[in-house]
file start-v6.txt (compact mmCIF, C-alpha atoms (C1' of nucleotides))
# COMPACT_ATOMS: atom_id res chain seq x y z
CA MET W 1 179.22 91.03 25.04
CA PRO W 2 182.94 91.41 24.36
CA TYR W 3 183.52 87.67 24.42
CA PRO W 4 180.69 85.35 23.39
CA SER W 5 180.53 82.39 25.75
CA GLN W 6 181.36 78.94 24.41
CA ILE W 7 179.09 77.14 26.87
CA ASP W 8 176.03 77.72 29.03
CA ARG W 9 174.57 76.28 32.22
CA GLU W 10 172.19 74.04 30.30
CA GLN W 11 175.03 72.33 28.46
CA ILE W 12 176.93 71.78 31.69
CA VAL W 13 173.94 70.15 33.39
CA SER W 14 173.07 67.91 30.47
CA THR W 15 176.69 66.88 29.90
CA ALA W 16 176.99 65.98 33.56
CA ARG W 17 173.79 63.97 33.35
CA GLU W 18 175.06 62.12 30.29
CA LEU W 19 178.26 61.20 32.11
CA LEU W 20 176.17 60.11 35.09
CA VAL W 21 173.91 57.89 33.00
CA ALA W 22 176.71 56.42 30.90
CA HIS W 23 179.42 55.84 33.49
CA GLY W 24 177.98 56.30 36.98
CA ILE W 25 178.32 58.97 39.63
CA GLU W 26 182.06 58.51 40.11
CA ALA W 27 182.60 59.53 36.47
CA VAL W 28 181.00 62.91 37.05
CA THR W 29 184.00 65.13 37.74
CA LEU W 30 184.23 68.79 36.89
CA ARG W 31 187.37 68.25 34.82
CA ARG W 32 185.59 65.61 32.76
CA VAL W 33 182.43 67.64 32.27
CA ALA W 34 184.58 70.57 31.17
CA GLY W 35 186.63 68.33 28.90
CA VAL W 36 183.56 67.11 27.03
CA LEU W 37 182.58 70.75 26.46
CA GLY W 38 186.09 71.63 25.21
CA VAL W 39 186.88 73.80 28.21
CA LYS W 40 188.84 73.67 31.48
CA ALA W 41 187.29 72.95 34.86
CA PRO W 42 187.58 76.43 36.43
CA SER W 43 185.54 77.89 33.55
CA LEU W 44 182.48 76.03 34.83
CA TYR W 45 182.42 78.24 37.90
CA ARG W 46 181.03 81.13 35.83
CA TYR W 47 177.83 79.08 35.48
CA ILE W 48 177.58 76.98 38.63
CA LYS W 49 178.32 77.79 42.24
CA ASN W 50 179.93 74.44 42.95
CA LYS W 51 179.60 70.75 42.15
CA ASN W 52 176.76 70.19 44.58
CA GLU W 53 174.65 72.79 42.82
CA LEU W 54 175.26 70.96 39.56
CA LEU W 55 174.08 67.68 41.04
CA VAL W 56 171.04 69.40 42.54
CA ALA W 57 170.15 70.68 39.08
CA ILE W 58 170.30 67.13 37.71
CA ASN W 59 168.17 65.89 40.59
CA GLU W 60 165.60 68.59 40.03
CA ALA W 61 165.19 67.50 36.42
CA THR W 62 164.86 63.88 37.53
CA SER W 63 162.25 64.78 40.12
CA VAL W 64 160.22 66.86 37.68
CA ALA W 65 160.25 64.11 35.06
CA LEU W 66 159.26 61.41 37.57
CA PHE W 67 156.37 63.39 39.00
CA ALA W 68 155.16 64.31 35.54
CA GLU W 69 154.85 60.63 34.68
CA LEU W 70 153.02 59.97 37.93
CA GLY W 71 150.61 62.76 37.07
CA VAL W 72 149.83 61.24 33.71
CA ALA W 73 149.24 57.86 35.32
CA ALA W 74 147.02 59.34 38.03
CA GLU W 75 144.66 60.74 35.42
CA GLY W 76 144.30 57.42 33.61
CA GLU W 77 141.16 55.37 33.06
CA GLY W 78 139.70 52.69 35.29
CA SER W 79 138.68 52.25 38.88
CA LEU W 80 140.36 54.01 41.77
CA VAL W 81 142.48 50.98 42.62
CA GLU W 82 143.49 50.49 39.00
CA ARG W 83 144.59 54.10 38.73
CA LEU W 84 146.67 53.78 41.91
CA VAL W 85 148.24 50.60 40.56
CA GLY W 86 148.94 52.55 37.36
CA VAL W 87 150.75 55.22 39.36
CA ALA W 88 152.79 52.57 41.12
CA GLU W 89 153.74 50.93 37.84
CA ALA W 90 154.68 54.31 36.37
CA TYR W 91 156.88 54.98 39.39
CA ARG W 92 158.66 51.66 39.06
CA ARG W 93 158.97 52.01 35.29
CA TYR W 94 160.61 55.39 35.64
CA ALA W 95 163.09 54.14 38.23
CA HIS W 96 163.98 51.16 36.04
CA ALA W 97 164.46 53.41 33.02
CA HIS W 98 166.71 55.84 34.90
CA PRO W 99 168.23 53.90 37.79
CA VAL W 100 171.34 56.01 38.30
CA CYS W 101 169.47 59.29 38.13
CA TYR W 102 166.77 57.95 40.44
CA ALA W 103 169.29 56.72 43.00
CA LEU W 104 171.13 60.04 42.97
CA ALA W 105 167.94 62.08 43.27
CA MET W 106 166.76 59.99 46.22
CA SER W 107 170.19 59.81 47.84
CA SER W 108 170.05 60.45 51.56
CA ASN W 109 172.60 63.28 51.24
CA PRO W 110 170.51 66.34 52.17
CA GLU W 111 172.84 68.68 50.26
CA LEU W 112 171.73 67.14 46.98
CA LYS W 113 167.99 67.54 47.56
CA PRO W 114 166.19 69.81 45.13
CA PRO W 115 163.83 72.35 46.72
CA GLN W 116 160.68 70.56 47.92
CA ALA W 117 158.60 72.87 45.73
CA THR W 118 159.40 70.58 42.81
CA GLN W 119 157.07 67.88 44.08
CA VAL W 120 154.43 69.84 45.84
CA GLY W 121 152.33 70.34 42.72
CA TRP W 122 151.76 66.65 42.38
CA VAL W 123 151.48 65.31 45.91
CA LEU W 124 148.09 66.85 46.59
CA PRO W 125 146.35 65.21 43.61
CA LEU W 126 147.96 61.92 44.60
CA GLN W 127 146.90 62.35 48.20
CA ALA W 128 143.36 62.99 46.96
CA LEU W 129 143.32 59.52 45.44
CA PHE W 130 144.20 58.00 48.78
CA ALA W 131 141.57 60.13 50.50
CA GLU W 132 139.09 58.48 48.19
CA LEU W 133 140.48 55.02 48.93
CA ALA W 134 140.52 55.41 52.71
CA THR W 135 139.31 58.56 54.48
CA GLU W 136 140.34 62.20 54.32
CA ALA W 137 141.97 61.92 57.75
CA GLU W 138 143.95 58.84 56.74
CA SER W 139 145.05 60.13 53.35
CA LEU W 140 148.46 61.45 54.41
CA ALA W 141 149.32 58.24 56.23
CA ALA W 142 148.21 56.16 53.26
CA LEU W 143 150.17 58.32 50.82
CA ARG W 144 153.30 58.12 52.94
CA GLY W 145 153.06 54.36 53.20
CA ALA W 146 152.67 54.04 49.46
CA TYR W 147 155.63 56.36 48.87
CA ALA W 148 157.74 54.35 51.29
CA PHE W 149 156.75 51.08 49.65
CA LEU W 150 157.43 52.32 46.13
CA HIS W 151 160.73 53.98 46.94
CA GLY W 152 161.89 51.07 49.04
CA TRP W 153 160.98 48.53 46.40
CA VAL W 154 162.69 50.21 43.48
CA ILE W 155 165.79 51.15 45.47
CA LEU W 156 166.16 47.53 46.58
CA GLU W 157 165.74 46.41 42.97
CA ILE W 158 168.30 48.92 41.73
CA GLY W 159 170.70 47.83 44.47
CA GLN W 160 170.24 44.18 43.43
CA GLN W 161 168.95 43.21 46.86
CA LEU W 162 165.92 41.24 45.68
CA GLN W 163 167.81 38.28 44.31
CA ARG W 164 166.10 35.21 45.69
CA GLY W 165 164.21 34.44 42.52
CA GLY W 166 160.50 34.55 41.83
CA ASP W 167 158.58 36.91 39.57
CA LEU W 168 159.45 40.40 40.74
CA ASN W 169 156.78 41.99 38.56
CA ALA W 170 154.12 39.79 40.13
CA HIS W 171 155.43 40.25 43.66
CA PHE W 172 155.43 44.01 43.22
CA ALA W 173 151.85 44.08 41.97
CA GLN W 174 150.62 41.65 44.65
CA SER W 175 152.27 43.56 47.48
CA PHE W 176 151.07 46.96 46.34
CA ARG W 177 147.53 45.66 45.86
CA ALA W 178 147.65 44.15 49.33
CA TYR W 179 148.64 47.54 50.71
CA LEU W 180 145.74 49.23 48.92
CA ALA W 181 143.32 46.52 50.04
CA GLY W 182 144.41 47.03 53.62
CA TRP W 183 143.48 50.69 53.49
CA GLU W 184 140.24 50.03 51.65
CA ARG W 185 138.77 48.21 54.63
CA GLY W 186 139.51 51.14 57.04
CA MET F 1 207.11 38.71 66.41
CA PRO F 2 210.09 41.03 66.08
CA TYR F 3 207.93 44.15 66.31
CA PRO F 4 204.68 44.00 68.28
CA SER F 5 201.93 45.82 66.37
CA GLN F 6 200.49 49.02 67.80
CA ILE F 7 197.06 48.50 66.23
CA ASP F 8 194.82 45.75 64.91
CA ARG F 9 192.01 45.41 62.40
CA GLU F 10 189.34 45.59 65.07
CA GLN F 11 190.57 48.98 66.25
CA ILE F 12 190.63 50.31 62.70
CA VAL F 13 187.06 49.23 62.02
CA SER F 14 185.68 50.57 65.28
CA THR F 15 187.56 53.86 64.98
CA ALA F 16 186.20 54.30 61.47
CA ARG F 17 182.69 53.56 62.72
CA GLU F 18 183.07 56.11 65.51
CA LEU F 19 184.12 58.76 63.01
CA LEU F 20 181.19 57.76 60.81
CA VAL F 21 178.67 58.04 63.62
CA ALA F 22 180.08 61.26 65.04
CA HIS F 23 180.84 63.24 61.89
CA GLY F 24 179.28 61.52 58.89
CA ILE F 25 180.68 59.53 56.01
CA GLU F 26 182.76 62.36 54.60
CA ALA F 27 184.77 62.43 57.83
CA VAL F 28 185.87 58.84 57.36
CA THR F 29 189.27 59.21 55.69
CA LEU F 30 192.16 56.85 56.10
CA ARG F 31 194.44 59.64 57.28
CA ARG F 32 191.94 60.55 60.00
CA VAL F 33 191.36 56.97 61.12
CA ALA F 34 195.10 56.48 61.29
CA GLY F 35 195.54 59.78 63.15
CA VAL F 36 193.11 58.74 65.88
CA LEU F 37 195.11 55.54 66.33
CA GLY F 38 198.40 57.46 66.50
CA VAL F 39 199.65 56.08 63.20
CA LYS F 40 200.07 57.16 59.57
CA ALA F 41 197.62 56.20 56.81
CA PRO F 42 199.81 53.73 54.88
CA SER F 43 200.18 51.62 58.02
CA LEU F 44 196.51 50.70 57.80
CA TYR F 45 197.20 48.72 54.65
CA ARG F 46 198.77 45.94 56.71
CA TYR F 47 195.29 45.24 58.11
CA ILE F 48 192.86 46.23 55.37
CA LYS F 49 192.99 45.72 51.62
CA ASN F 50 191.58 49.17 50.86
CA LYS F 51 189.02 51.68 52.08
CA ASN F 52 186.08 49.85 50.53
CA GLU F 53 186.90 46.73 52.52
CA LEU F 54 186.90 48.84 55.68
CA LEU F 55 183.45 50.21 54.89
CA VAL F 56 182.19 46.72 54.09
CA ALA F 57 183.38 45.58 57.51
CA ILE F 58 181.38 48.37 59.14
CA ASN F 59 178.33 47.49 57.06
CA GLU F 60 178.60 43.85 57.99
CA ALA F 61 178.51 44.73 61.69
CA THR F 62 175.51 46.98 61.08
CA SER F 63 173.69 44.26 59.19
CA VAL F 64 174.37 41.64 61.84
CA ALA F 65 173.16 43.92 64.63
CA LEU F 66 170.00 44.90 62.77
CA PHE F 67 169.03 41.33 61.96
CA ALA F 68 169.77 40.23 65.49
CA GLU F 69 167.24 42.75 66.79
CA LEU F 70 164.71 41.61 64.23
CA GLY F 71 165.21 38.06 65.39
CA VAL F 72 164.51 38.96 68.99
CA ALA F 73 161.36 40.82 67.96
CA ALA F 74 160.16 37.95 65.79
CA GLU F 75 160.21 35.60 68.77
CA GLY F 76 158.16 37.97 70.96
CA GLU F 77 154.79 37.36 72.53
CA GLY F 78 151.35 38.04 71.07
CA SER F 79 149.40 37.24 67.95
CA LEU F 80 151.01 36.82 64.54
CA VAL F 81 150.13 40.36 63.49
CA GLU F 82 151.44 41.79 66.74
CA ARG F 83 154.73 39.97 66.33
CA LEU F 84 155.09 41.28 62.77
CA VAL F 85 154.33 44.79 63.98
CA GLY F 86 156.97 44.24 66.64
CA VAL F 87 159.51 43.31 63.97
CA ALA F 88 158.61 46.44 62.01
CA GLU F 89 159.00 48.63 65.09
CA ALA F 90 162.33 47.00 65.88
CA TYR F 91 163.49 47.68 62.34
CA ARG F 92 162.51 51.33 62.53
CA ARG F 93 163.95 51.70 66.03
CA TYR F 94 167.30 50.36 64.89
CA ALA F 95 167.42 52.69 61.89
CA HIS F 96 166.55 55.67 64.08
CA ALA F 97 169.21 54.73 66.61
CA HIS F 98 171.92 54.32 63.94
CA PRO F 99 170.84 56.44 60.98
CA VAL F 100 174.26 57.00 59.45
CA CYS F 101 175.30 53.37 59.77
CA TYR F 102 171.96 52.22 58.39
CA ALA F 103 172.13 54.56 55.41
CA LEU F 104 175.68 53.43 54.61
CA ALA F 105 174.85 49.75 54.95
CA MET F 106 171.84 50.11 52.66
CA SER F 107 173.60 52.43 50.22
CA SER F 108 172.97 51.45 46.62
CA ASN F 109 176.72 51.21 45.96
CA PRO F 110 177.19 47.49 45.30
CA GLU F 111 180.88 47.64 46.27
CA LEU F 112 179.93 48.33 49.87
CA LYS F 113 177.53 45.41 50.26
CA PRO F 114 178.49 42.81 52.83
CA PRO F 115 178.21 39.20 51.66
CA GLN F 116 174.53 38.18 51.49
CA ALA F 117 175.28 35.34 53.89
CA THR F 118 175.03 37.85 56.73
CA GLN F 119 171.28 38.08 56.39
CA VAL F 120 170.36 34.68 55.17
CA GLY F 121 170.10 33.18 58.63
CA TRP F 122 167.25 35.47 59.54
CA VAL F 123 165.21 35.86 56.38
CA LEU F 124 163.79 32.36 56.47
CA PRO F 125 162.27 32.65 59.97
CA LEU F 126 160.82 36.01 58.97
CA GLN F 127 159.46 34.58 55.74
CA ALA F 128 157.84 31.84 57.80
CA LEU F 129 155.83 34.48 59.67
CA PHE F 130 154.50 35.80 56.37
CA ALA F 131 153.72 32.28 55.20
CA GLU F 132 151.51 32.02 58.25
CA LEU F 133 149.89 35.39 57.55
CA ALA F 134 149.19 34.72 53.87
CA THR F 135 150.06 31.43 52.16
CA GLU F 136 153.28 29.52 51.63
CA ALA F 137 153.28 30.49 47.95
CA GLU F 138 152.77 34.15 48.72
CA SER F 139 155.31 34.36 51.54
CA LEU F 140 158.24 35.62 49.47
CA ALA F 141 156.14 38.34 47.86
CA ALA F 142 154.75 39.40 51.23
CA LEU F 143 158.21 39.44 52.81
CA ARG F 144 159.63 41.51 49.96
CA GLY F 145 156.82 44.02 50.18
CA ALA F 146 157.33 44.39 53.91
CA TYR F 147 161.08 44.80 53.45
CA ALA F 148 160.49 47.44 50.78
CA PHE F 149 158.02 49.29 52.97
CA LEU F 150 160.26 49.26 56.03
CA HIS F 151 163.42 50.22 54.19
CA GLY F 152 161.63 52.90 52.18
CA TRP F 153 159.97 54.37 55.23
CA VAL F 154 163.06 54.65 57.39
CA ILE F 155 165.28 55.88 54.56
CA LEU F 156 162.76 58.62 53.80
CA GLU F 157 162.66 59.54 57.47
CA ILE F 158 166.44 59.61 57.72
CA GLY F 159 166.58 61.76 54.58
CA GLN F 160 164.04 64.17 56.08
CA GLN F 161 161.61 63.59 53.25
CA LEU F 162 158.51 63.08 55.40
CA GLN F 163 158.12 66.67 56.52
CA ARG F 164 154.50 67.57 55.99
CA GLY F 165 153.51 67.18 59.60
CA GLY F 166 151.28 64.60 61.24
CA ASP F 167 152.20 61.84 63.65
CA LEU F 168 154.87 59.78 61.93
CA ASN F 169 154.72 57.04 64.56
CA ALA F 170 151.00 56.65 64.00
CA HIS F 171 151.26 56.82 60.22
CA PHE F 172 153.96 54.16 60.23
CA ALA F 173 151.92 51.81 62.37
CA GLN F 174 148.72 52.42 60.41
CA SER F 175 150.40 51.86 57.05
CA PHE F 176 152.21 48.73 58.09
CA ARG F 177 149.07 47.28 59.64
CA ALA F 178 147.18 48.09 56.44
CA TYR F 179 149.80 46.16 54.49
CA LEU F 180 149.48 43.16 56.79
CA ALA F 181 145.68 43.34 56.67
CA GLY F 182 145.81 43.35 52.87
CA TRP F 183 147.71 40.06 52.85
CA GLU F 184 145.54 38.50 55.52
CA ARG F 185 142.48 38.55 53.32
CA GLY F 186 144.27 36.79 50.43
C1' DT P 1 225.44 40.20 76.07
C1' DT P 2 225.23 41.03 71.42
C1' DA P 3 224.01 40.34 66.34
C1' DT P 4 220.22 38.95 63.36
C1' DC P 5 216.03 39.61 61.06
C1' DA P 6 211.54 40.32 59.77
C1' DA P 7 207.24 42.55 61.29
C1' DG P 8 205.46 46.85 61.41
C1' DA P 9 205.94 51.28 61.26
C1' DC P 10 207.59 55.35 58.41
C1' DT P 11 208.50 59.00 54.41
C1' DA P 12 207.89 60.40 49.76
C1' DA P 13 205.34 60.39 46.02
C1' DC P 14 201.56 59.85 42.39
C1' DA P 15 197.31 60.72 40.26
C1' DG P 16 193.17 62.30 41.12
C1' DT P 17 189.48 65.50 43.33
C1' DG P 18 186.98 70.29 44.20
C1' DT P 19 188.10 74.98 44.35
C1' DT P 20 190.31 79.81 44.29
C1' DA P 21 193.31 83.67 42.72
C1' DG P 22 195.26 85.93 39.28
C1' DT P 23 196.27 86.43 34.28
C1' DT P 24 195.45 86.36 29.44
C1' DT P 25 192.69 86.06 25.37
C1' DT P 26 188.90 87.53 22.79
C1' DA P 27 185.67 90.21 19.93
C1' DA P 28 182.02 93.77 20.04
C1' DC P 29 181.85 98.69 20.28
C1' DA P 30 183.39 103.81 20.48
C1' DT L 1 191.74 101.09 15.40
C1' DG L 2 192.04 101.20 20.52
C1' DT L 3 189.19 100.24 24.64
C1' DT L 4 186.98 97.26 27.57
C1' DA L 5 184.85 93.78 29.99
C1' DA L 6 183.27 89.03 29.53
C1' DA L 7 184.99 84.55 29.43
C1' DA L 8 188.35 81.77 29.03
C1' DC L 9 193.01 80.29 30.86
C1' DT L 10 197.18 78.69 34.06
C1' DA L 11 198.96 77.74 38.49
C1' DA L 12 198.23 76.44 42.74
C1' DC L 13 196.20 74.66 47.26
C1' DA L 14 194.48 71.28 50.27
C1' DC L 15 192.61 67.19 50.25
C1' DT L 16 191.71 62.13 48.84
C1' DG L 17 193.16 56.85 48.21
C1' DT L 18 197.09 54.25 47.29
C1' DT L 19 201.92 52.36 46.27
C1' DA L 20 207.02 51.78 46.61
C1' DG L 21 210.74 51.83 49.18
C1' DT L 22 213.14 52.71 53.70
C1' DC L 23 213.94 52.71 58.53
C1' DT L 24 212.90 51.26 63.40
C1' DT L 25 212.05 48.08 66.57
C1' DG L 26 212.53 44.29 69.83
C1' DA L 27 212.15 39.18 70.38
C1' DT L 28 215.24 35.54 69.48
C1' DA L 29 219.71 32.90 68.43
C1' DA L 30 224.59 32.80 69.20
call {"tool": "encode", "arguments": {"input": "start-v6.txt", "output": "C-alpha cells"}}
result
Amino acid sequence: MPYPSQIDREQIVSTARELLVAHGIEAVTLRRVAGVLGVKAPSLYRYIKNKNELLVAINEATSVALFAELGVAAEGEGSLVERLVGVAEAYRRYAHAHPVCYALAMSSNPELKPPQATQVGWVLPLQALFAELATEAESLAALRGAYAFLHGWVILEIGQQLQRGGDLNAHFAQSFRAYLAGWERG
Amino acid sequence: MPYPSQIDREQIVSTARELLVAHGIEAVTLRRVAGVLGVKAPSLYRYIKNKNELLVAINEATSVALFAELGVAAEGEGSLVERLVGVAEAYRRYAHAHPVCYALAMSSNPELKPPQATQVGWVLPLQALFAELATEAESLAALRGAYAFLHGWVILEIGQQLQRGGDLNAHFAQSFRAYLAGWERG
DNA sequence: TTATCAAGACTAACAGTGTTAGTTTTAACA
DNA sequence: TGTTAAAACTAACACTGTTAGTCTTGATAA
C-alpha cells in the first residue's frame, strides 16, 4: 500500500451519524463530514458511492439496533400480553432515545431504505407472538397493525403532534393494550 | 397599480403543488415554479417569504382537505363502530389518493407544519365519537391511538414497507376493528 | 398628450450543495 | 534510491435558496 489511508468507511459513517444526532439532518453535508475527518469532500468518494449510500449505511445501523432491542424484549418474562407490551415499550424507548436516527431510517424516501433483509430475522419471531395472541391466519394482520400503531405513535411524538396534554405514557400503554385485547377476542 | 402583476400567490402555491404531485418533492424548486409561470425565481419573493412558507401553504391545503373528508365520514350513517371505520377508510383513501402531499404534510420537519388551528375544528367531533365508544376520560387516549394507527399504517403503505403479501385492505380493516373492539370492552 | 412614479418584473451575484475530472503527494517496495 | 500505485488534492460544474440593486411597465396627473 504505497499510501496508507487516513480514513476508512467506518469513520465516515460514524462521523456522519454523530453530525446527524448532534445537529440534525441538514448538518450532514459531505464537506462537513470530510472536515471533521481532516480531509476534503471528494476524498470520501473512495469509500462511498454517493451521499445516499452513506445515509443508507446509517439507517441500516439504526434498523439493526432497533430490532435487536425488540428481540431482547420479545424474549422477556411474563405472560404473552406482557411480553408484547414489553416489545412496544422497547420500540418507543428506542425511538425516544434516537429520534433523529429513527425519523431518518423510517423516512418515506425509498432511496434511503436499507435492504429489507435487515429486519427479516426478527419479524418472524414477533409474528409468532401475534399468532399466539390471535390465530395463525391473523398473525400477519395483527403484526402489521401493531407495527403501524407503534411507528405512527412515535413518529407523531417525535414530530410534536401529540400536544394536547394528558399522560402520553399512559395513553400509549392503554391504546396498545386495547389493540391487543381486540385481537385476543378473535 | 402602475404595473399589473403577472402572477399571484394562489398561482404559485398551486403550481408548486402540481410539480410536487407530478414529479415529487425534489422537483419543487423556486426556479422551476417560476419557470412554469413564465417568470424568474426572485420574482416569487414578492408573494412568498421563502420556500418553507410555500411548502407550509401546500401542507395547509392538504390538511384542510383531509380533515374535511374525515368530517363527512364522521357524519355518515350506521352504528358508532361503522362510522369510525368509515372515518378510518376515508383517512386511508385520502392518503392513497394524495400520497406525496400526505407525506409532505405529515413530514417530521417542524418548519413545514401548518398552524395547529387547521385541525382543531375537527378533532373535537372525532374525539366525541371515541368518548361514546369508550368513556369520556379515555377519549383522548383512544383518539390518539387511532390517529397513530391510521397515520402509521398509511405512511408505511406509502413507503412500500408492507410488502409481505396478503390482503392489505382486509388487514387494515381487521386491525382497526380490533383496536375499536379493545376500547369497547373498557 | 405627455411626464411621473411606484409596482413588479429583471439581472447579477453569493454561499452553499453533491459530484466529477484531472493532478499531485505520499510512502512502501524493487 | 527510483518506481509506482493508492489516496489525497484542486478546480470546476450544475444546481439550490436567497438578496441587492436595476430596469420596465402602464395607470394616473398635468
call {"tool": "closest_residue", "arguments": {"input": "start-v6.txt", "among": "L:DT24, L:DT10, L:DT1, L:DT19", "to": "chain W", "atoms": "all atoms listed in the file"}}
result
L:DT10
call {"tool": "atom_distance", "arguments": {"input": "start-v6.txt", "atom1": "CA of Ile158 in chain F", "atom2": "CA of Ala57 in chain F"}}
result
22.0 Å
call {"tool": "closest_residue", "arguments": {"input": "start-v6.txt", "among": "W:Asp8, W:Asp167, W:Glu157, W:Glu69", "to": "chain L", "atoms": "only C-alpha atoms (C1' of nucleotides)"}}
result
W:Asp8
call {"tool": "closest_residue", "arguments": {"input": "start-v6.txt", "among": "W:Ser108, W:Ser63, W:Ser43, W:Gln116", "to": "chain P", "atoms": "all atoms listed in the file"}}
result
W:Ser43
call {"tool": "interface_residues", "arguments": {"input": "start-v6.txt", "of": "chain W", "to": "chain F", "cutoff": "9 Å", "atoms": "all atoms listed in the file", "output": "PyMOL selection string"}}
result
chain W and resi 103+106-110+116+138+140-156+158-162+164+166-168+170-172+174-186
call {"tool": "interface_residues", "arguments": {"input": "start-v6.txt", "of": "chain L", "to": "chain W", "cutoff": "9 Å", "atoms": "only C-alpha atoms (C1' of nucleotides)", "output": "PyMOL selection string"}}
result
chain L and resi 4-9
call {"tool": "closest_residue", "arguments": {"input": "start-v6.txt", "among": "P:DT17, P:DA30, P:DA12, P:DA6", "to": "chain W", "atoms": "all atoms listed in the file"}}
result
P:DT17
call {"tool": "closest_residue", "arguments": {"input": "start-v6.txt", "among": "P:DA15, P:DT4, P:DA21, P:DT26", "to": "chain F", "atoms": "only C-alpha atoms (C1' of nucleotides)"}}
result
P:DT4
call {"tool": "residues_around", "arguments": {"input": "start-v6.txt", "residues": "range 72-84 of chain W", "least_positions_apart": "4", "cutoff": "9 Å", "atoms": "all atoms listed in the file", "output": "list in words"}}
result
Phe67, Ala68, Ala88, Glu89, Ala90, Pro125, Leu126, Leu129, Phe130, Glu132, Leu133, Arg177, Leu180 and Ala181 of chain W
call {"tool": "interface_residues", "arguments": {"input": "start-v6.txt", "of": "chain P", "to": "chain F", "cutoff": "10 Å", "atoms": "all atoms listed in the file", "output": "PDB file with C-alpha atoms (C1' of nucleotides), in the frame of the given file"}}
result
ATOM      1  C1'  DC P   5     216.030  39.610  61.060  1.00  0.00           C
ATOM      2  C1'  DA P   6     211.540  40.320  59.770  1.00  0.00           C
ATOM      3  C1'  DA P   7     207.240  42.550  61.290  1.00  0.00           C
ATOM      4  C1'  DG P   8     205.460  46.850  61.410  1.00  0.00           C
ATOM      5  C1'  DA P   9     205.940  51.280  61.260  1.00  0.00           C
ATOM      6  C1'  DC P  10     207.590  55.350  58.410  1.00  0.00           C
TER       7       DC P  10
END
call {"tool": "closest_residue", "arguments": {"input": "start-v6.txt", "among": "W:Val13, W:Cys101, W:Ala128, W:Ile48", "to": "Thr62 in chain W", "atoms": "only C-alpha atoms"}}
result
W:Cys101
call {"tool": "atom_distance", "arguments": {"input": "start-v6.txt", "atom1": "C1' of DA11 in chain L", "atom2": "CA of Gly35 in chain W"}}
result
18.2 Å
call {"tool": "atom_distance", "arguments": {"input": "start-v6.txt", "atom1": "CA of Tyr102 in chain F", "atom2": "CA of Thr118 in chain F"}}
result
14.8 Å
call {"tool": "axis_aligned_box", "arguments": {"input": "start-v6.txt", "around": "range 33-39 of chain F", "padding_each_side": "5 Å", "output": "JSON"}}
result
{"center_x": 195.5, "center_y": 57.7, "center_z": 63.8, "size_x": 18.3, "size_y": 14.2, "size_z": 15.4}
call {"tool": "build_atoms", "arguments": {"input": "start-v6.txt", "residues": "range 125-136 of chain W", "atoms": "N, CA and C atoms", "output": "JSON list (two decimals), in the coordinates of the input"}}
result
[["chain", "number", "residue", "atom", "x", "y", "z"],
["W", 125, "PRO", "N", 147.21, 66.09, 44.41],
["W", 125, "PRO", "CA", 146.35, 65.21, 43.61],
["W", 125, "PRO", "C", 146.51, 63.73, 43.97],
["W", 126, "LEU", "N", 147.75, 63.33, 44.23],
["W", 126, "LEU", "CA", 147.96, 61.92, 44.60],
["W", 126, "LEU", "C", 147.33, 61.63, 45.96],
["W", 127, "GLN", "N", 147.51, 62.55, 46.88],
["W", 127, "GLN", "CA", 146.90, 62.35, 48.20],
["W", 127, "GLN", "C", 145.38, 62.25, 48.09],
["W", 128, "ALA", "N", 144.82, 63.02, 47.14],
["W", 128, "ALA", "CA", 143.36, 62.99, 46.96],
["W", 128, "ALA", "C", 142.89, 61.59, 46.58],
["W", 129, "LEU", "N", 143.69, 60.89, 45.80],
["W", 129, "LEU", "CA", 143.32, 59.52, 45.44],
["W", 129, "LEU", "C", 143.25, 58.63, 46.68],
["W", 130, "PHE", "N", 144.21, 58.82, 47.57],
["W", 130, "PHE", "CA", 144.20, 58.00, 48.78],
["W", 130, "PHE", "C", 143.07, 58.41, 49.73],
["W", 131, "ALA", "N", 142.71, 59.70, 49.69],
["W", 131, "ALA", "CA", 141.57, 60.13, 50.50],
["W", 131, "ALA", "C", 140.31, 59.41, 50.04],
["W", 132, "GLU", "N", 140.25, 59.17, 48.75],
["W", 132, "GLU", "CA", 139.09, 58.48, 48.19],
["W", 132, "GLU", "C", 139.13, 56.99, 48.57],
["W", 133, "LEU", "N", 140.33, 56.45, 48.59],
["W", 133, "LEU", "CA", 140.48, 55.02, 48.93],
["W", 133, "LEU", "C", 140.14, 54.76, 50.39],
["W", 134, "ALA", "N", 140.75, 55.57, 51.27],
["W", 134, "ALA", "CA", 140.52, 55.41, 52.71],
["W", 134, "ALA", "C", 139.59, 56.53, 53.17],
["W", 135, "THR", "N", 140.10, 57.39, 54.06],
["W", 135, "THR", "CA", 139.31, 58.56, 54.48],
["W", 135, "THR", "C", 140.20, 59.80, 54.33],
["W", 136, "GLU", "N", 139.59, 60.95, 54.40],
["W", 136, "GLU", "CA", 140.34, 62.20, 54.32],
["W", 136, "GLU", "C", 141.43, 62.24, 55.40]]
